[in-house]
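Peer 1: Sending over a structure as structure tokens; questions will come in a sec.
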Amino acid sequence: MNEELHKEIISLLGKGTRLDGRKADQYRKVRVETGVSRNAEGSASVWIGDTQVTAGVKLEVIKPYPDQPDDGSMMVNVELYPLSSPDFETGPPDILAIELARITDRAIRESKTLDTKKLCIESGEKAWMVIIDVCTMNDAGNLFDAIYLAAMAAMKDAVFPTLEDGVVDYKHKTTEKLPLAKTPVSVTVFKYGNHLIVDPTDTEQKVYDARLTVGVLEDGQLCSMQKGGEEPISEDEVFKMIDMAQVASQELRKNI
Amino acid sequence: MAYDKRTDGRDWGEVRPMEAKAGIIKRAHGSGWFKIGNTEAFAAVYGPREMFPRFQQNPEKGVLRVHYNMMPFSSAGDRIRPGPSRRSKEISHVAQKALLPVMDLSEFANSVVDVFIELPQTDAGTRCAGICAASIALADAGIPMKDMVCAISAGKVEDKMLVDLNYDEDSHEIGVDIPIAMMHNSKQITLMQMDGVISKEHVKEAVGYVNKACDQIYDVMKAALKDKFKTAEGGSQ
């Protein structure tokens with residue numbers, strides 16, 4: 001770890017500022033654009049500062065799982081493209097890609113954001129599977145929140161393709177949207193010494209002590225949490241982090 | 001039924017609308033974006049940087065590596081499973097060979113220049129769009145080059161010769177697709193592939209179409225690079 005950088009970040013936070021002049025609880029400029037890939041059933045690009053991720057939704061017809069014959073299913077996959085950062089390499093997904101995908105996947109799944117019963121086509125025989133691929137285009141920090149936001153924006157943008165005699169016609173889309181019941185967004189709070197911040201740049205993200213990703217629903221209820229980093233966090237800090245996430249989530253949600 | 005009108009209404013020698021940008025991926029040393037019709041390619045260049053695995057290092061000059069990939073949701077059909085496929089590996093290989101002749105890597109012994117090509121949206125002509133994006137990205141990265149590589153496909157649908165096939169034309173039952181990459185100044189060919197059955201005369205016609213389109217592509221790429229540096233100057237004022 002770069003001790004000098006770590007010290008500098010903490011010292012700046014002590015003075016109420018950061019390397020790029022932002023406040024601890026301040027996001028960079030957030031921008032969301034939907035319909036960025038016409039072949040996908042839904043798609044969105046999200047920019048947080050210079051960070052860019054692009055998400056696409058594909059719908060496939062599958063046979064429902066035997067224990068849930070009346071449910072469709074979903075999956076989130078994250079691709080950390082070497083195009084987006086000198087730190088990413090080609091090859092199978094590494095642990096960061098898997099963690100990012102699973103945090104997002106769990107939050108959408110466990111919050112019942114997607115009504116999987118409505119994805120059933122024929123009980124025990126046919127159901128829709130929603131596959132959300134989120135790909136990094138430029139990693140300038142805080143992929144956690146960008147990926148989550150892009151996944152939700154792409155799902156909101158998605159429409160079903162035409163289905164004829166059980167065969168999907170991807171060329172002809174319907175106007176029917178995915179059965180989305182909620183809009184969770186995630187806010188990841190990072191800890192440096194005794195300070196807590198949101199939305200680190202790639203430079204800041206190199207030297208954090210701990211992080212907590214919090215998925216927050218419209219009504220402020222929490223739908224996922226994941227602690228990361230090498231240092232512990234106190235009980236008091238956990239609740240401060242949740243408070244920050246709840247506040248920041250309201251602004252973030254306005255983008256989708 | 002004869003193919004007497006293109007599905008998108010273009011003339012036989014007409015290229016789809018093109019757009020390009022340079023320097024759009026901030027973390028990369030150089031980057032390019034190239035859109036032709038509904039096919040869209042991003043390219044990022046990293047390097048020259050130390051080559052790993054070490055045994056692939058060349059003590060004489062730098063190595064160029066190209067990675068081509070279609071994003072999972074980019075195709076008009078089913079989702080594409082992430083990770084390398086036989087197809088993407090072959091395209092990466094021929095794209096590398098398409099770009100190499102314009103590169104001067106003699107100053108970069110033991111190093112590698114990595115080019116990553118990603119396609120978020122496709123409508124045929126992906127390897128050509130990828131090569132164009134990569135050309136912009138390499139120039140943007142300041143890697144010594146003696147020319148720009150322009151790439152586009154030409155071919156035949158039923159009895160008609162045409163340039164820049166879209167997906168409907170590329171997948172036409174009686175269709176021939178010939179992707180070609182050409183160095184802009186010397187008009188030397190650095191990539192040529194073909195599948196289908198066609199006469200030598202028709203290939204000649206196809207190459208003629210590409211030769212002409214090459215100048216149009218070059219203008220778009222040059223404008224993108226100039227625009228980036230103009231923007232940079234504006235920013236520093």
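Chain labels run A, B, ... following the order of the structure tokens; each chain numbers its residues from 1, and ligands are numbered from 1 in the order shown.
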Please determine the contact residues of chain B with respect to chain A at a cut-off of 6 Å, counting only C-alpha atoms, and supply them as a list in words.
Peer 2: Ile25, Arg27, Ala44, Phe73, Ser74, Ser75, Ala76, Phe116 and Gln121 of chain B
Peer 1: Would you export the selected residues with N, CA and C atoms as a PDB file, in the first residue's frame, please?
Peer 2:
ATOM      1  N   ILE B  25     -11.395   6.883 -23.810  1.00  0.00           N
ATOM      2  CA  ILE B  25     -11.169   6.042 -22.623  1.00  0.00           C
ATOM      3  C   ILE B  25      -9.977   6.627 -21.862  1.00  0.00           C
ATOM      4  N   ARG B  27      -8.394   6.099 -18.994  1.00  0.00           N
ATOM      5  CA  ARG B  27      -7.317   5.313 -18.364  1.00  0.00           C
ATOM      6  C   ARG B  27      -6.324   4.775 -19.387  1.00  0.00           C
ATOM      7  N   ALA B  44      -8.851   0.402 -27.105  1.00  0.00           N
ATOM      8  CA  ALA B  44      -7.958   1.053 -26.148  1.00  0.00           C
ATOM      9  C   ALA B  44      -6.566   0.482 -26.321  1.00  0.00           C
ATOM     10  N   PHE B  73     -24.056  -8.717 -25.009  1.00  0.00           N
ATOM     11  CA  PHE B  73     -25.405  -8.342 -25.452  1.00  0.00           C
ATOM     12  C   PHE B  73     -25.388  -7.674 -26.820  1.00  0.00           C
ATOM     13  N   SER B  74     -24.262  -7.760 -27.538  1.00  0.00           N
ATOM     14  CA  SER B  74     -24.083  -6.940 -28.740  1.00  0.00           C
ATOM     15  C   SER B  74     -24.698  -7.513 -30.000  1.00  0.00           C
ATOM     16  N   SER B  75     -25.052  -8.799 -29.951  1.00  0.00           N
ATOM     17  CA  SER B  75     -25.490  -9.433 -31.204  1.00  0.00           C
ATOM     18  C   SER B  75     -26.999  -9.456 -31.345  1.00  0.00           C
ATOM     19  N   ALA B  76     -27.449  -9.564 -32.585  1.00  0.00           N
ATOM     20  CA  ALA B  76     -28.892  -9.545 -32.855  1.00  0.00           C
ATOM     21  C   ALA B  76     -29.556 -10.850 -32.406  1.00  0.00           C
ATOM     22  N   PHE B 116      -7.030  -3.432 -27.162  1.00  0.00           N
ATOM     23  CA  PHE B 116      -8.260  -4.141 -26.797  1.00  0.00           C
ATOM     24  C   PHE B 116      -9.425  -3.548 -27.583  1.00  0.00           C
ATOM     25  N   GLN B 121     -22.287  -3.031 -29.912  1.00  0.00           N
ATOM     26  CA  GLN B 121     -23.447  -3.138 -30.805  1.00  0.00           C
ATOM     27  C   GLN B 121     -22.942  -3.520 -32.199  1.00  0.00           C
TER      28      GLN B 121
END
Peer 1: Which residues are near segment 9-16 of chain A? Cut-off 9 Å, only C-alpha atoms, ignore same chain within fewer than 4 positions. Put them as a ChimeraX atom specification.
Peer 2: /A:4-5,22-24,192-197,204,207
Peer 1: Please list as a PyMOL selection string every residue within 12 Å of segment 233-245 of chain A, counting only C-alpha atoms and excluding residues in the same chain fewer than 2 positions away.
Peer 2: chain A and resi 24-27+145+184-199+209-217+220-231+247-253
Peer 1: For N, CA and C atoms, I'd like the residues from the last selection saved as a compact mmCIF listing (two decimals), in the first residue's frame.
Peer 2:
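What ended up in result-v9.txt:
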# COMPACT_ATOMS: atom_id res chain seq x y z
N ALA A 24 -16.46 14.85 1.55
CA ALA A 24 -16.46 13.42 1.83
C ALA A 24 -17.70 12.72 1.29
N ASP A 25 -18.86 13.38 1.35
CA ASP A 25 -20.11 12.72 0.97
C ASP A 25 -20.57 13.10 -0.43
N GLN A 26 -19.65 13.63 -1.24
CA GLN A 26 -20.03 14.18 -2.54
C GLN A 26 -19.64 13.24 -3.68
N TYR A 27 -20.63 12.93 -4.52
CA TYR A 27 -20.36 12.14 -5.73
C TYR A 27 -19.80 13.03 -6.82
N ASP A 145 -20.71 1.13 -7.42
CA ASP A 145 -21.99 1.83 -7.55
C ASP A 145 -22.37 2.02 -9.02
N PRO A 184 -33.75 -0.75 -6.40
CA PRO A 184 -32.63 -0.60 -5.44
C PRO A 184 -31.45 0.10 -6.11
N VAL A 185 -30.73 0.89 -5.35
CA VAL A 185 -29.44 1.41 -5.82
C VAL A 185 -28.42 1.16 -4.71
N SER A 186 -27.18 1.09 -5.09
CA SER A 186 -26.16 0.83 -4.08
C SER A 186 -25.26 2.03 -3.89
N VAL A 187 -24.83 2.18 -2.65
CA VAL A 187 -23.85 3.21 -2.32
C VAL A 187 -22.75 2.51 -1.53
N THR A 188 -21.52 2.68 -1.98
CA THR A 188 -20.40 2.08 -1.28
C THR A 188 -19.68 3.18 -0.50
N VAL A 189 -19.55 2.95 0.81
CA VAL A 189 -18.88 3.94 1.66
C VAL A 189 -17.50 3.40 2.01
N PHE A 190 -16.49 4.22 1.81
CA PHE A 190 -15.10 3.81 2.04
C PHE A 190 -14.54 4.48 3.29
N LYS A 191 -13.72 3.72 3.99
CA LYS A 191 -13.14 4.23 5.23
C LYS A 191 -11.64 4.47 5.07
N TYR A 192 -11.19 5.65 5.51
CA TYR A 192 -9.76 5.98 5.57
C TYR A 192 -9.49 6.50 6.97
N GLY A 193 -8.73 5.79 7.79
CA GLY A 193 -8.53 6.20 9.18
C GLY A 193 -9.89 6.31 9.85
N ASN A 194 -10.21 7.50 10.38
CA ASN A 194 -11.52 7.69 11.03
C ASN A 194 -12.53 8.35 10.11
N HIS A 195 -12.15 8.50 8.83
CA HIS A 195 -13.01 9.23 7.90
C HIS A 195 -13.79 8.29 6.98
N LEU A 196 -14.98 8.73 6.59
CA LEU A 196 -15.81 7.95 5.67
C LEU A 196 -16.10 8.80 4.44
N ILE A 197 -15.98 8.20 3.24
CA ILE A 197 -16.29 8.93 2.02
C ILE A 197 -17.12 8.06 1.06
N VAL A 198 -17.73 8.70 0.10
CA VAL A 198 -18.38 7.96 -0.99
C VAL A 198 -17.64 8.26 -2.29
N ASP A 199 -17.87 7.43 -3.27
CA ASP A 199 -17.42 7.63 -4.66
C ASP A 199 -15.93 7.97 -4.79
N ASP A 209 -9.05 1.65 3.68
CA ASP A 209 -8.90 0.70 4.78
C ASP A 209 -10.03 -0.32 4.77
N ALA A 210 -11.24 0.15 4.55
CA ALA A 210 -12.40 -0.75 4.55
C ALA A 210 -13.50 -0.12 3.71
N ARG A 211 -14.44 -0.97 3.27
CA ARG A 211 -15.57 -0.43 2.51
C ARG A 211 -16.83 -1.20 2.89
N LEU A 212 -17.96 -0.55 2.74
CA LEU A 212 -19.24 -1.22 2.94
C LEU A 212 -20.17 -0.82 1.80
N THR A 213 -20.61 -1.81 1.03
CA THR A 213 -21.57 -1.55 -0.03
C THR A 213 -22.95 -1.79 0.53
N VAL A 214 -23.83 -0.80 0.39
CA VAL A 214 -25.19 -0.91 0.95
C VAL A 214 -26.20 -0.71 -0.17
N GLY A 215 -27.05 -1.71 -0.38
CA GLY A 215 -28.15 -1.58 -1.35
C GLY A 215 -29.34 -0.98 -0.62
N VAL A 216 -29.92 0.08 -1.20
CA VAL A 216 -31.01 0.78 -0.52
C VAL A 216 -32.23 0.85 -1.44
N LEU A 217 -33.41 0.55 -0.89
CA LEU A 217 -34.66 0.63 -1.66
C LEU A 217 -35.26 2.04 -1.55
N GLY A 220 -36.01 3.43 1.82
CA GLY A 220 -34.92 3.50 2.78
C GLY A 220 -34.53 2.15 3.38
N GLN A 221 -35.34 1.11 3.12
CA GLN A 221 -34.99 -0.23 3.59
C GLN A 221 -33.73 -0.69 2.89
N LEU A 222 -32.98 -1.55 3.56
CA LEU A 222 -31.72 -2.04 3.00
C LEU A 222 -31.95 -3.39 2.33
N CYS A 223 -31.28 -3.63 1.20
CA CYS A 223 -31.50 -4.91 0.53
C CYS A 223 -30.21 -5.69 0.27
N SER A 224 -29.07 -5.13 0.61
CA SER A 224 -27.83 -5.92 0.52
C SER A 224 -26.72 -5.18 1.22
N MET A 225 -25.79 -5.95 1.73
CA MET A 225 -24.60 -5.34 2.32
C MET A 225 -23.41 -6.23 2.06
N GLN A 226 -22.27 -5.61 1.88
CA GLN A 226 -21.04 -6.36 1.71
C GLN A 226 -19.91 -5.51 2.25
N LYS A 227 -19.19 -6.09 3.24
CA LYS A 227 -18.04 -5.38 3.79
C LYS A 227 -16.80 -5.88 3.05
N GLY A 228 -15.89 -4.96 2.74
CA GLY A 228 -14.64 -5.35 2.12
C GLY A 228 -13.48 -4.58 2.71
N GLY A 229 -12.30 -4.92 2.29
CA GLY A 229 -11.09 -4.23 2.77
C GLY A 229 -10.45 -4.95 3.93
N GLU A 230 -9.22 -4.56 4.25
CA GLU A 230 -8.44 -5.33 5.21
C GLU A 230 -8.63 -4.90 6.66
N GLU A 231 -9.16 -3.68 6.87
CA GLU A 231 -9.33 -3.19 8.24
C GLU A 231 -10.76 -3.44 8.72
N VAL A 247 -28.75 8.46 2.44
CA VAL A 247 -28.86 9.83 1.93
C VAL A 247 -28.43 9.86 0.46
N ALA A 248 -27.26 9.29 0.17
CA ALA A 248 -26.71 9.37 -1.19
C ALA A 248 -27.58 8.60 -2.19
N SER A 249 -28.24 7.53 -1.72
CA SER A 249 -29.02 6.70 -2.63
C SER A 249 -30.18 7.49 -3.26
N GLN A 250 -30.69 8.45 -2.52
CA GLN A 250 -31.84 9.22 -3.04
C GLN A 250 -31.46 10.04 -4.26
N GLU A 251 -30.28 10.65 -4.19
CA GLU A 251 -29.79 11.44 -5.33
C GLU A 251 -29.47 10.53 -6.52
N LEU A 252 -28.81 9.40 -6.21
CA LEU A 252 -28.40 8.48 -7.28
C LEU A 252 -29.61 7.94 -8.03
N ARG A 253 -30.67 7.59 -7.29
CA ARG A 253 -31.86 6.99 -7.89
C ARG A 253 -32.53 7.94 -8.88
Peer 1: Hey, what's within 7 Å of Gly47 of chain B if we count only C-alpha atoms and toss same-chain stuff fewer than 5 positions away? As a list in words, please?
Peer 2: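 Within the cut-off, the hits are His29, Val112, Val113 and Asp114 of chain B.
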Peer 1: Would you please extract all helix (DSSP H, G or I) residues from chain B, as assigned by DSSP on the backbone, and give them as number ranges by chain?
Peer 2: B: 54-56, 86-102, 126-140, 167-170, 200-236
Peer 1: Have a look at atom CA of Thr17 of chain A and atom CA of Gln205 of chain A and let me know their distance in Å, one decimal.
Peer 2: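 Value for the atom CA of Thr17 of chain A-atom CA of Gln205 of chain A distance: 15.8 Å.
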Peer 1: Identify, with DSSP run on backbone atoms, the residues in segment 59-88 of chain B assigned to strand (DSSP E or B), and express the list as JSON, numbers by chain.
Peer 2: {"B": [63, 64, 65, 66, 67, 68, 69, 70]}
Peer 1: What is the distance, in Å and to one decimal place, between atom CA of Asp71 of chain A and atom CA of Ala153 of chain A?
Peer 2: 22.6 Å
Peer 1: Which polymer residues have any atom within 12 Å of an atom of Pro64 of chain A, counting only C-alpha atoms, with same-chain residues fewer than 3 positions away left out, as a ChimeraX atom specification?
Peer 2: /A:60-61,67-74,116-117,119-129
Peer 1: Restricting the output to N, CA and C atoms, write the selected residues as a PDB file, in the first residue's frame.
Peer 2:
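Listed below is the output, selection18.pdb:
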ATOM      1  N   GLU A  60     -33.567 -14.896 -22.469  1.00  0.00           N
ATOM      2  CA  GLU A  60     -33.549 -16.221 -23.091  1.00  0.00           C
ATOM      3  C   GLU A  60     -34.689 -17.054 -22.518  1.00  0.00           C
ATOM      4  N   VAL A  61     -35.163 -17.996 -23.308  1.00  0.00           N
ATOM      5  CA  VAL A  61     -36.191 -18.905 -22.799  1.00  0.00           C
ATOM      6  C   VAL A  61     -35.494 -20.156 -22.262  1.00  0.00           C
ATOM      7  N   ASP A  67     -37.463 -27.183  -8.723  1.00  0.00           N
ATOM      8  CA  ASP A  67     -38.043 -26.779  -7.442  1.00  0.00           C
ATOM      9  C   ASP A  67     -38.809 -25.458  -7.539  1.00  0.00           C
ATOM     10  N   GLN A  68     -38.702 -24.773  -8.689  1.00  0.00           N
ATOM     11  CA  GLN A  68     -39.462 -23.525  -8.881  1.00  0.00           C
ATOM     12  C   GLN A  68     -40.066 -23.524 -10.281  1.00  0.00           C
ATOM     13  N   PRO A  69     -41.035 -24.391 -10.512  1.00  0.00           N
ATOM     14  CA  PRO A  69     -41.563 -24.560 -11.872  1.00  0.00           C
ATOM     15  C   PRO A  69     -42.294 -23.343 -12.418  1.00  0.00           C
ATOM     16  N   ASP A  70     -42.682 -22.413 -11.520  1.00  0.00           N
ATOM     17  CA  ASP A  70     -43.446 -21.252 -11.978  1.00  0.00           C
ATOM     18  C   ASP A  70     -42.643 -19.952 -11.959  1.00  0.00           C
ATOM     19  N   ASP A  71     -41.327 -20.092 -11.887  1.00  0.00           N
ATOM     20  CA  ASP A  71     -40.483 -18.902 -11.820  1.00  0.00           C
ATOM     21  C   ASP A  71     -39.493 -18.842 -12.972  1.00  0.00           C
ATOM     22  N   GLY A  72     -39.316 -17.648 -13.483  1.00  0.00           N
ATOM     23  CA  GLY A  72     -38.185 -17.397 -14.362  1.00  0.00           C
ATOM     24  C   GLY A  72     -36.967 -17.144 -13.500  1.00  0.00           C
ATOM     25  N   SER A  73     -35.866 -16.764 -14.104  1.00  0.00           N
ATOM     26  CA  SER A  73     -34.701 -16.492 -13.270  1.00  0.00           C
ATOM     27  C   SER A  73     -33.877 -15.353 -13.835  1.00  0.00           C
ATOM     28  N   MET A  74     -32.840 -15.010 -13.113  1.00  0.00           N
ATOM     29  CA  MET A  74     -31.988 -13.904 -13.536  1.00  0.00           C
ATOM     30  C   MET A  74     -30.547 -14.154 -13.146  1.00  0.00           C
ATOM     31  N   THR A 116     -40.240 -12.753 -10.483  1.00  0.00           N
ATOM     32  CA  THR A 116     -39.884 -13.917 -11.311  1.00  0.00           C
ATOM     33  C   THR A 116     -41.095 -14.770 -11.689  1.00  0.00           C
ATOM     34  N   LYS A 117     -42.200 -14.646 -10.903  1.00  0.00           N
ATOM     35  CA  LYS A 117     -43.428 -15.392 -11.261  1.00  0.00           C
ATOM     36  C   LYS A 117     -43.967 -14.914 -12.615  1.00  0.00           C
ATOM     37  N   LEU A 119     -42.297 -14.061 -15.026  1.00  0.00           N
ATOM     38  CA  LEU A 119     -41.407 -14.469 -16.118  1.00  0.00           C
ATOM     39  C   LEU A 119     -41.736 -15.876 -16.615  1.00  0.00           C
ATOM     40  N   CYS A 120     -42.717 -16.511 -15.936  1.00  0.00           N
ATOM     41  CA  CYS A 120     -43.101 -17.866 -16.330  1.00  0.00           C
ATOM     42  C   CYS A 120     -43.936 -17.815 -17.626  1.00  0.00           C
ATOM     43  N   ILE A 121     -43.596 -18.681 -18.559  1.00  0.00           N
ATOM     44  CA  ILE A 121     -44.353 -18.749 -19.820  1.00  0.00           C
ATOM     45  C   ILE A 121     -45.293 -19.947 -19.783  1.00  0.00           C
ATOM     46  N   GLU A 122     -44.745 -21.088 -19.390  1.00  0.00           N
ATOM     47  CA  GLU A 122     -45.543 -22.306 -19.264  1.00  0.00           C
ATOM     48  C   GLU A 122     -44.994 -23.080 -18.066  1.00  0.00           C
ATOM     49  N   SER A 123     -45.859 -23.326 -17.073  1.00  0.00           N
ATOM     50  CA  SER A 123     -45.414 -23.921 -15.822  1.00  0.00           C
ATOM     51  C   SER A 123     -44.579 -25.192 -16.045  1.00  0.00           C
ATOM     52  N   GLY A 124     -43.401 -25.205 -15.461  1.00  0.00           N
ATOM     53  CA  GLY A 124     -42.539 -26.392 -15.530  1.00  0.00           C
ATOM     54  C   GLY A 124     -41.859 -26.591 -16.867  1.00  0.00           C
ATOM     55  N   GLU A 125     -42.253 -25.795 -17.874  1.00  0.00           N
ATOM     56  CA  GLU A 125     -41.709 -26.017 -19.223  1.00  0.00           C
ATOM     57  C   GLU A 125     -40.865 -24.841 -19.729  1.00  0.00           C
ATOM     58  N   LYS A 126     -41.457 -23.656 -19.652  1.00  0.00           N
ATOM     59  CA  LYS A 126     -40.781 -22.502 -20.256  1.00  0.00           C
ATOM     60  C   LYS A 126     -40.876 -21.264 -19.376  1.00  0.00           C
ATOM     61  N   ALA A 127     -39.762 -20.588 -19.264  1.00  0.00           N
ATOM     62  CA  ALA A 127     -39.749 -19.327 -18.522  1.00  0.00           C
ATOM     63  C   ALA A 127     -38.634 -18.453 -19.066  1.00  0.00           C
ATOM     64  N   TRP A 128     -38.754 -17.144 -18.818  1.00  0.00           N
ATOM     65  CA  TRP A 128     -37.705 -16.215 -19.256  1.00  0.00           C
ATOM     66  C   TRP A 128     -36.560 -16.214 -18.256  1.00  0.00           C
ATOM     67  N   MET A 129     -35.362 -16.141 -18.797  1.00  0.00           N
ATOM     68  CA  MET A 129     -34.179 -15.906 -17.976  1.00  0.00           C
ATOM     69  C   MET A 129     -33.643 -14.535 -18.384  1.00  0.00           C
TER      70      MET A 129
END
Peer 1: Using only C-alpha atoms, determine which residues lie at most 8 Å from Gly32 of chain B, disregarding the query and same-chain residues fewer than 5 positions distant; provide the list as JSON, numbers by chain.
Peer 2: {"B": [20, 21, 22, 23, 24, 25, 42, 43, 44, 133, 134, 135, 136, 137, 140]}
Peer 1: Only N, CA and C atoms, please: the residues just picked out, written as a CSV table (one decimal), in the first residue's frame.
Peer 2:
chain,number,residue,atom,x,y,z
B,20,ALA,N,-16.5,8.9,-35.7
B,20,ALA,CA,-15.3,8.5,-34.9
B,20,ALA,C,-15.0,9.5,-33.9
B,21,LYS,N,-14.3,9.0,-32.8
B,21,LYS,CA,-13.8,9.8,-31.8
B,21,LYS,C,-12.4,9.3,-31.3
B,22,ALA,N,-11.6,10.1,-30.8
B,22,ALA,CA,-10.3,9.7,-30.2
B,22,ALA,C,-10.3,10.1,-28.8
B,23,GLY,N,-9.5,9.3,-28.0
B,23,GLY,CA,-9.3,9.7,-26.6
B,23,GLY,C,-10.5,9.6,-25.7
B,24,ILE,N,-11.4,8.6,-25.9
B,24,ILE,CA,-12.6,8.6,-25.1
B,24,ILE,C,-12.4,7.7,-23.8
B,25,ILE,N,-11.4,6.9,-23.8
B,25,ILE,CA,-11.2,6.0,-22.6
B,25,ILE,C,-10.0,6.6,-21.9
B,42,PHE,N,-15.1,0.1,-29.8
B,42,PHE,CA,-14.2,0.8,-29.0
B,42,PHE,C,-12.9,0.2,-29.0
B,43,ALA,N,-11.8,0.9,-29.0
B,43,ALA,CA,-10.5,0.3,-28.9
B,43,ALA,C,-9.6,1.1,-27.9
B,44,ALA,N,-8.9,0.4,-27.1
B,44,ALA,CA,-8.0,1.1,-26.1
B,44,ALA,C,-6.6,0.5,-26.3
B,133,ALA,N,-11.1,1.5,-35.3
B,133,ALA,CA,-11.0,2.0,-34.0
B,133,ALA,C,-9.6,1.8,-33.4
B,134,ALA,N,-9.0,0.7,-33.7
B,134,ALA,CA,-7.7,0.4,-33.2
B,134,ALA,C,-6.6,1.3,-33.9
B,135,SER,N,-6.8,1.6,-35.1
B,135,SER,CA,-5.9,2.6,-35.9
B,135,SER,C,-5.9,3.9,-35.2
B,136,ILE,N,-7.2,4.4,-34.9
B,136,ILE,CA,-7.3,5.7,-34.2
B,136,ILE,C,-6.6,5.6,-32.8
B,137,ALA,N,-6.9,4.5,-32.1
B,137,ALA,CA,-6.3,4.4,-30.7
B,137,ALA,C,-4.8,4.4,-30.7
B,140,ASP,N,-3.6,7.8,-31.5
B,140,ASP,CA,-3.8,8.6,-30.3
B,140,ASP,C,-2.8,8.4,-29.2
Peer 1: Near segment 142-151 of chain B, counting only C-alpha atoms, which residues have an atom at most 8 Å away, once you skip same-chain residues fewer than 5 positions from it, shown as a list in words?
Peer 2: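 Near neighbours after the sequence-gap exclusion: Gly30, Ala98, Leu99, Val102, Met103, Asp104, Leu105, Cys128, Ala129, Ile131, Cys132, Ser135, Pro179, Ile180, Ala181, Met182, Met183, His184, Asn185, Val210, Cys214, Ile217 and Tyr218 of chain B.
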